[in-house]
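S.K.: Dropping in data-v4.cif, with mmCIF, C-alpha atoms and all ligand atoms.
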data_data
#
loop_
_atom_site.label_atom_id
_atom_site.label_comp_id
_atom_site.auth_asym_id
_atom_site.auth_seq_id
_atom_site.Cartn_x
_atom_site.Cartn_y
_atom_site.Cartn_z
CA MET A 50 164.78 123.07 155.36
CA ILE A 51 163.19 119.71 155.99
CA PHE A 52 163.06 118.69 152.31
CA ASP A 53 166.83 119.23 151.88
CA ILE A 54 167.57 116.97 154.85
CA LEU A 55 165.14 114.37 153.54
CA GLN A 56 166.72 114.41 150.07
CA THR A 57 170.06 113.43 151.62
CA LYS A 58 168.44 110.69 153.69
CA ILE A 59 166.62 109.31 150.65
CA THR A 60 169.83 109.21 148.62
CA VAL A 61 171.43 107.16 151.42
CA LEU A 62 168.41 104.81 151.60
CA ILE A 63 168.46 104.28 147.83
CA SER A 64 172.15 103.35 147.91
CA ASN A 65 171.65 100.69 150.62
CA SER A 66 171.64 97.08 149.47
CA ILE A 67 168.20 96.08 150.66
CA THR A 68 165.26 95.02 148.51
CA ARG A 69 163.34 97.59 146.47
CA ASP A 70 160.20 97.16 148.54
CA GLN A 71 162.12 97.50 151.81
CA THR A 72 163.63 100.76 150.52
CA LEU A 73 160.24 102.06 149.41
CA HIS A 74 158.72 101.19 152.75
CA LEU A 75 161.50 103.02 154.61
CA ILE A 76 160.99 106.06 152.36
CA CYS A 77 157.24 106.03 153.14
CA GLU A 78 157.90 105.82 156.87
CA LEU A 79 160.57 108.53 156.68
CA LEU A 80 158.27 110.92 154.85
CA LYS A 81 155.25 110.23 157.04
CA THR A 82 157.17 110.71 160.28
CA SER A 83 159.21 113.74 159.10
CA VAL A 84 156.67 115.94 157.33
CA PRO A 85 153.84 117.07 159.61
CA HIS A 86 151.31 117.38 156.77
CA TYR A 87 152.01 113.88 155.35
CA ASP A 88 149.54 111.54 157.05
CA TRP A 89 149.51 108.64 154.57
CA VAL A 90 152.34 107.97 152.13
CA GLY A 91 152.30 105.18 149.57
CA PHE A 92 153.39 104.01 146.15
CA TYR A 93 151.11 102.62 143.47
CA PHE A 94 152.49 100.80 140.42
CA LYS A 95 151.05 99.85 137.07
CA ASN A 96 149.99 96.19 137.07
CA GLY A 97 151.97 94.79 134.15
CA HIS A 98 150.12 95.54 130.91
CA LYS A 99 146.76 96.02 132.67
CA GLU A 100 145.28 99.50 132.88
CA GLU A 101 145.20 99.46 136.67
CA LEU A 102 147.35 100.44 139.62
CA ILE A 103 148.32 98.12 142.45
CA LEU A 104 149.24 99.40 145.90
CA GLY A 105 152.90 98.97 146.77
CA PRO A 106 154.69 99.82 150.01
CA TYR A 107 152.99 102.46 152.17
CA ALA A 108 152.98 104.00 155.63
CA GLY A 109 149.76 104.87 157.41
CA THR A 110 146.34 103.35 157.89
CA PRO A 111 145.65 100.31 155.69
CA THR A 112 143.44 101.14 152.71
CA ASP A 113 140.81 99.04 150.92
CA HIS A 114 141.92 100.61 147.64
CA THR A 115 144.69 98.22 146.73
CA THR A 116 143.68 98.16 143.05
CA ILE A 117 142.68 101.34 141.20
CA PRO A 118 141.60 101.30 137.52
CA PHE A 119 143.20 103.89 135.24
CA GLY A 120 141.04 107.03 135.17
CA LYS A 121 139.45 106.41 138.59
CA GLY A 122 140.21 108.70 141.51
CA ILE A 123 143.15 111.05 141.74
CA CYS A 124 145.62 108.18 141.36
CA GLY A 125 143.90 106.73 138.31
CA GLN A 126 143.80 110.16 136.66
CA VAL A 127 147.55 110.66 137.18
CA ALA A 128 148.17 107.24 135.59
CA VAL A 129 146.60 108.69 132.43
CA SER A 130 147.64 112.37 132.55
CA ASN A 131 151.34 111.83 133.43
CA LYS A 132 151.12 115.04 135.47
CA ASN A 133 151.30 115.95 139.14
CA PHE A 134 147.86 116.31 140.72
CA VAL A 135 147.57 118.58 143.75
CA VAL A 136 144.20 118.50 145.49
CA PRO A 137 143.93 121.27 148.09
CA ASP A 138 140.46 120.12 149.17
CA VAL A 139 139.28 116.59 148.37
CA LYS A 140 135.63 117.62 148.90
CA ALA A 141 135.87 119.75 145.76
CA GLN A 142 136.77 116.70 143.59
CA ASP A 143 134.13 114.62 141.79
CA ASN A 144 136.50 111.88 140.69
CA TYR A 145 137.99 111.05 144.07
CA ILE A 146 138.29 107.77 145.99
CA ALA A 147 137.97 108.37 149.72
CA CYS A 148 140.21 106.26 151.93
CA SER A 149 139.48 107.90 155.27
CA ILE A 150 137.10 110.56 156.51
CA ASN A 151 140.08 112.36 158.06
CA VAL A 152 141.74 113.10 154.72
CA LYS A 153 141.36 116.69 153.59
CA SER A 154 143.87 116.98 150.75
CA GLU A 155 146.08 114.86 148.50
CA ILE A 156 149.06 115.05 146.17
CA VAL A 157 150.01 112.47 143.57
CA VAL A 158 153.26 112.65 141.55
CA PRO A 159 153.95 110.21 138.69
CA LEU A 160 157.05 108.02 138.58
CA PHE A 161 158.73 107.62 135.20
CA VAL A 162 161.16 104.94 134.06
CA ASP A 163 162.59 105.46 130.58
CA GLY A 164 159.89 108.05 129.94
CA GLN A 165 157.07 105.64 130.84
CA ASN A 166 154.65 106.38 133.66
CA VAL A 167 155.05 103.21 135.75
CA GLY A 168 153.54 104.36 139.01
CA GLN A 169 153.29 107.19 141.46
CA ILE A 170 153.74 108.41 144.98
CA ASP A 171 150.48 109.28 146.71
CA ILE A 172 150.24 111.41 149.84
CA ASP A 173 147.12 112.09 151.88
CA SER A 174 146.98 114.93 154.37
CA ASN A 175 144.57 115.61 157.21
CA THR A 176 145.32 119.33 156.73
CA ILE A 177 143.48 121.42 154.19
CA ASP A 178 145.52 123.00 151.38
CA PRO A 179 149.01 122.20 152.76
CA PHE A 180 150.93 121.41 149.54
CA THR A 181 153.22 123.90 147.81
CA GLU A 182 155.67 123.78 144.92
CA HIS A 183 158.27 122.63 147.45
CA ASP A 184 156.29 119.42 147.96
CA GLU A 185 156.03 118.93 144.20
CA ARG A 186 159.76 119.44 143.56
CA PHE A 187 160.67 117.22 146.53
CA LEU A 188 158.31 114.41 145.50
CA GLU A 189 159.60 114.61 141.91
CA PHE A 190 163.07 114.07 143.39
CA VAL A 191 161.76 111.07 145.37
CA CYS A 192 160.23 109.57 142.21
CA ARG A 193 163.41 110.14 140.17
CA SER A 194 165.42 108.45 142.95
CA VAL A 195 163.03 105.50 143.18
CA ALA A 196 163.12 105.14 139.38
CA THR A 197 166.80 104.18 139.64
CA LEU A 198 165.71 101.05 141.56
CA MET A 199 163.20 99.89 138.95
N1 LIG B 201 142.41 109.04 147.21
C1 LIG B 201 143.00 108.24 146.17
C2 LIG B 201 142.88 106.78 146.47
C3 LIG B 201 144.04 106.20 147.15
S1 LIG B 201 144.10 106.56 148.78
O1 LIG B 201 144.36 108.01 148.93
C4 LIG B 201 145.23 105.71 149.60
C5 LIG B 201 142.38 108.57 144.83
O2 LIG B 201 141.40 109.32 144.76
O3 LIG B 201 142.87 108.07 143.82
#
Using structure tokens, write down the structure that the file contains.
M.R.:
Amino acid sequence: MIFDILQTKITVLISNSITRDQTLHLICELLKTSVPHYDWVGFYFKNGHKEELILGPYAGTPTDHTTIPFGKGICGQVAVSNKNFVVPDVKAQDNYIACSINVKSEIVVPLFVDGQNVGQIDIDSNTIDPFTEHDERFLEFVCRSVATLM
């Protein structure tokens, strides 16, 4: 299955001696090009001690939302809740920051380093309700792998 193949590829990418941001960018591109329902893939990270997220490496259309306050949008809520957030239909969300009219659904999975929520992977999909537990387990693996670089 695609996620098993991707796990192996991500482990190889993580072990390469390139910069952290180069690795993250390659992971974003790999995920976007390999998973049909991943249309935008990016990382957000906590901005030092400030209660806001800053956009890191991503693959897909550039977004205006390069800074997101804690609590705002799906990303900002995950920064506070420390939990995965699966949004099958973005239209059903009140606290949602729209990046593109094409986006129908979203998944955000937090990234922990030493038990601290330091960021997240954010995926937008142009398909409605595409995410399953397989996506969650896979993206948790991606975040655990990326955490080893932080
Ligand atoms: N939709 C997100 C904002 C980030 S973009 O998807 C790139 C949110 O509601 O937090």
S.K.: Got a sec: who's within 9 Å of Phe190 (chain A), counting all atoms listed in the file, leaving out chain neighbours fewer than 5 positions off, as a list in words?
M.R.: Gln56, Glu185 and Val195 of chain A
S.K.: Which residues are near ligand LIG 201 (chain B) - at most 9 Å, using all atoms listed in the file? Format: as a PyMOL selection string.
M.R.: chain A and resi 89-91+93+104+107+110-115+117+120-127+139+142+144-149+152+154-157+171-173
S.K.: Using all atoms listed in the file, which of A:His74, A:Lys153, A:Lys81, A:Arg69 sits nearest Val135 (chain A)?
M.R.: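 Nearest to Val135 (chain A): A:Lys153.
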S.K.: Please provide the set of residues having any atom within 9 Å of Pro159 (chain A), restricted to only C-alpha atoms, with same-chain residues fewer than 5 positions apart removed, written as a PyMOL selection string.
M.R.: chain A and resi 124+127-128+131-134+166-171+189+192
S.K.: My list of candidates is A:Val191, A:Thr57, A:Ile177, A:Phe92. Which is closest to Val136 (chain A) when distances are computed with only C-alpha atoms?
M.R.: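 Nearest to Val136 (chain A): A:Ile177.
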S.K.: Which residue gives the smallest distance to Asp88 (chain A) among A:Thr72, A:Asn175, A:Ile67, A:Glu101, with only C-alpha atoms counted?
M.R.: A:Asn175
S.K.: Could you work out how far CA of Ile54 (chain A) lies from CA of Pro85 (chain A), giving the answer in Å with one decimal?
M.R.: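 Taking CA of Pro85 (chain A) and CA of Ile54 (chain A), their separation equals 14.5 Å.
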S.K.: Counting only C-alpha atoms, note down every residue that has an atom within 12 Å of the point (165.2, 109.2, 146.1) (file coordinates), as JSON, numbers by chain.
M.R.: {"A": [52, 53, 54, 55, 56, 57, 58, 59, 60, 61, 62, 63, 64, 65, 69, 72, 73, 75, 76, 77, 79, 80, 160, 170, 186, 187, 188, 189, 190, 191, 192, 193, 194, 195, 196, 197, 198, 199]}
S.K.: Given the choices A:Thr181, A:Thr116, A:Ser130, A:Asn151, which gets closest to Gln165 (chain A) if the distance is worked out from all atoms listed in the file?
M.R.: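 Among the listed residues, the smallest separation from Gln165 (chain A) belongs to A:Ser130.
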S.K.: Starting from the sparse input, extend region 74-85 of chain A to all heavy atoms and give the output as a PDB file, keeping the file's coordinate frame.
M.R.:
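Contents of the output file result-v9.pdb:
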ATOM      1  N   HIS A  74     159.431 101.118 151.472  1.00  0.00           N
ATOM      2  CA  HIS A  74     158.720 101.190 152.750  1.00  0.00           C
ATOM      3  C   HIS A  74     159.421 102.149 153.712  1.00  0.00           C
ATOM      4  O   HIS A  74     158.771 102.961 154.386  1.00  0.00           O
ATOM      5  CB  HIS A  74     158.596  99.781 153.359  1.00  0.00           C
ATOM      6  CG  HIS A  74     157.709  99.758 154.552  1.00  0.00           C
ATOM      7  ND1 HIS A  74     158.144  99.428 155.807  1.00  0.00           N
ATOM      8  CD2 HIS A  74     156.401 100.098 154.686  1.00  0.00           C
ATOM      9  CE1 HIS A  74     157.142  99.554 156.662  1.00  0.00           C
ATOM     10  NE2 HIS A  74     156.076  99.943 156.014  1.00  0.00           N
ATOM     11  N   LEU A  75     160.749 102.100 153.741  1.00  0.00           N
ATOM     12  CA  LEU A  75     161.500 103.020 154.610  1.00  0.00           C
ATOM     13  C   LEU A  75     161.289 104.471 154.170  1.00  0.00           C
ATOM     14  O   LEU A  75     161.181 105.369 155.005  1.00  0.00           O
ATOM     15  CB  LEU A  75     162.998 102.673 154.579  1.00  0.00           C
ATOM     16  CG  LEU A  75     163.394 101.391 155.313  1.00  0.00           C
ATOM     17  CD1 LEU A  75     164.870 101.081 155.084  1.00  0.00           C
ATOM     18  CD2 LEU A  75     163.112 101.511 156.804  1.00  0.00           C
ATOM     19  N   ILE A  76     161.235 104.696 152.857  1.00  0.00           N
ATOM     20  CA  ILE A  76     160.990 106.060 152.360  1.00  0.00           C
ATOM     21  C   ILE A  76     159.595 106.535 152.822  1.00  0.00           C
ATOM     22  O   ILE A  76     159.437 107.665 153.293  1.00  0.00           O
ATOM     23  CB  ILE A  76     161.114 106.117 150.823  1.00  0.00           C
ATOM     24  CG1 ILE A  76     162.588 105.950 150.425  1.00  0.00           C
ATOM     25  CG2 ILE A  76     160.551 107.427 150.266  1.00  0.00           C
ATOM     26  CD1 ILE A  76     162.821 105.814 148.925  1.00  0.00           C
ATOM     27  N   CYS A  77     158.605 105.661 152.704  1.00  0.00           N
ATOM     28  CA  CYS A  77     157.240 106.030 153.140  1.00  0.00           C
ATOM     29  C   CYS A  77     157.232 106.392 154.620  1.00  0.00           C
ATOM     30  O   CYS A  77     156.659 107.417 155.023  1.00  0.00           O
ATOM     31  CB  CYS A  77     156.263 104.881 152.884  1.00  0.00           C
ATOM     32  SG  CYS A  77     155.943 104.563 151.147  1.00  0.00           S
ATOM     33  N   GLU A  78     157.876 105.556 155.428  1.00  0.00           N
ATOM     34  CA  GLU A  78     157.900 105.820 156.870  1.00  0.00           C
ATOM     35  C   GLU A  78     158.661 107.118 157.175  1.00  0.00           C
ATOM     36  O   GLU A  78     158.229 107.912 158.010  1.00  0.00           O
ATOM     37  CB  GLU A  78     158.575 104.651 157.620  1.00  0.00           C
ATOM     38  CG  GLU A  78     157.779 103.368 157.612  1.00  0.00           C
ATOM     39  CD  GLU A  78     156.539 103.404 158.519  1.00  0.00           C
ATOM     40  OE1 GLU A  78     156.369 104.383 159.273  1.00  0.00           O
ATOM     41  OE2 GLU A  78     155.731 102.468 158.443  1.00  0.00           O
ATOM     42  N   LEU A  79     159.780 107.314 156.464  1.00  0.00           N
ATOM     43  CA  LEU A  79     160.570 108.530 156.680  1.00  0.00           C
ATOM     44  C   LEU A  79     159.743 109.780 156.375  1.00  0.00           C
ATOM     45  O   LEU A  79     159.721 110.746 157.151  1.00  0.00           O
ATOM     46  CB  LEU A  79     161.821 108.495 155.784  1.00  0.00           C
ATOM     47  CG  LEU A  79     162.717 109.728 155.819  1.00  0.00           C
ATOM     48  CD1 LEU A  79     163.388 109.889 157.179  1.00  0.00           C
ATOM     49  CD2 LEU A  79     163.783 109.662 154.712  1.00  0.00           C
ATOM     50  N   LEU A  80     159.056 109.746 155.239  1.00  0.00           N
ATOM     51  CA  LEU A  80     158.270 110.920 154.850  1.00  0.00           C
ATOM     52  C   LEU A  80     157.112 111.158 155.811  1.00  0.00           C
ATOM     53  O   LEU A  80     156.846 112.283 156.235  1.00  0.00           O
ATOM     54  CB  LEU A  80     157.740 110.763 153.420  1.00  0.00           C
ATOM     55  CG  LEU A  80     158.636 111.330 152.317  1.00  0.00           C
ATOM     56  CD1 LEU A  80     160.046 110.824 152.378  1.00  0.00           C
ATOM     57  CD2 LEU A  80     158.024 111.098 150.948  1.00  0.00           C
ATOM     58  N   LYS A  81     156.431 110.079 156.166  1.00  0.00           N
ATOM     59  CA  LYS A  81     155.250 110.230 157.040  1.00  0.00           C
ATOM     60  C   LYS A  81     155.658 110.776 158.415  1.00  0.00           C
ATOM     61  O   LYS A  81     154.972 111.622 158.981  1.00  0.00           O
ATOM     62  CB  LYS A  81     154.542 108.887 157.195  1.00  0.00           C
ATOM     63  CG  LYS A  81     153.302 108.981 158.065  1.00  0.00           C
ATOM     64  CD  LYS A  81     152.587 107.655 158.185  1.00  0.00           C
ATOM     65  CE  LYS A  81     151.368 107.782 159.057  1.00  0.00           C
ATOM     66  NZ  LYS A  81     151.672 108.072 160.456  1.00  0.00           N
ATOM     67  N   THR A  82     156.786 110.278 158.940  1.00  0.00           N
ATOM     68  CA  THR A  82     157.170 110.710 160.280  1.00  0.00           C
ATOM     69  C   THR A  82     157.883 112.074 160.279  1.00  0.00           C
ATOM     70  O   THR A  82     157.926 112.736 161.304  1.00  0.00           O
ATOM     71  CB  THR A  82     158.112 109.673 160.965  1.00  0.00           C
ATOM     72  OG1 THR A  82     159.202 109.413 160.089  1.00  0.00           O
ATOM     73  CG2 THR A  82     157.385 108.397 161.283  1.00  0.00           C
ATOM     74  N   SER A  83     158.409 112.509 159.132  1.00  0.00           N
ATOM     75  CA  SER A  83     159.210 113.740 159.100  1.00  0.00           C
ATOM     76  C   SER A  83     158.431 114.973 158.664  1.00  0.00           C
ATOM     77  O   SER A  83     158.797 116.098 159.020  1.00  0.00           O
ATOM     78  CB  SER A  83     160.395 113.586 158.136  1.00  0.00           C
ATOM     79  OG  SER A  83     161.128 112.439 158.405  1.00  0.00           O
ATOM     80  N   VAL A  84     157.399 114.768 157.858  1.00  0.00           N
ATOM     81  CA  VAL A  84     156.670 115.940 157.330  1.00  0.00           C
ATOM     82  C   VAL A  84     155.302 115.988 158.012  1.00  0.00           C
ATOM     83  O   VAL A  84     154.490 115.071 157.843  1.00  0.00           O
ATOM     84  CB  VAL A  84     156.511 115.853 155.791  1.00  0.00           C
ATOM     85  CG1 VAL A  84     155.873 117.125 155.257  1.00  0.00           C
ATOM     86  CG2 VAL A  84     157.855 115.589 155.116  1.00  0.00           C
ATOM     87  N   PRO A  85     155.066 117.031 158.801  1.00  0.00           N
ATOM     88  CA  PRO A  85     153.840 117.070 159.610  1.00  0.00           C
ATOM     89  C   PRO A  85     152.546 116.940 158.784  1.00  0.00           C
ATOM     90  O   PRO A  85     151.573 116.376 159.274  1.00  0.00           O
ATOM     91  CB  PRO A  85     153.907 118.442 160.292  1.00  0.00           C
ATOM     92  CG  PRO A  85     155.359 118.781 160.324  1.00  0.00           C
ATOM     93  CD  PRO A  85     155.955 118.170 159.075  1.00  0.00           C
TER      94      PRO A  85
END
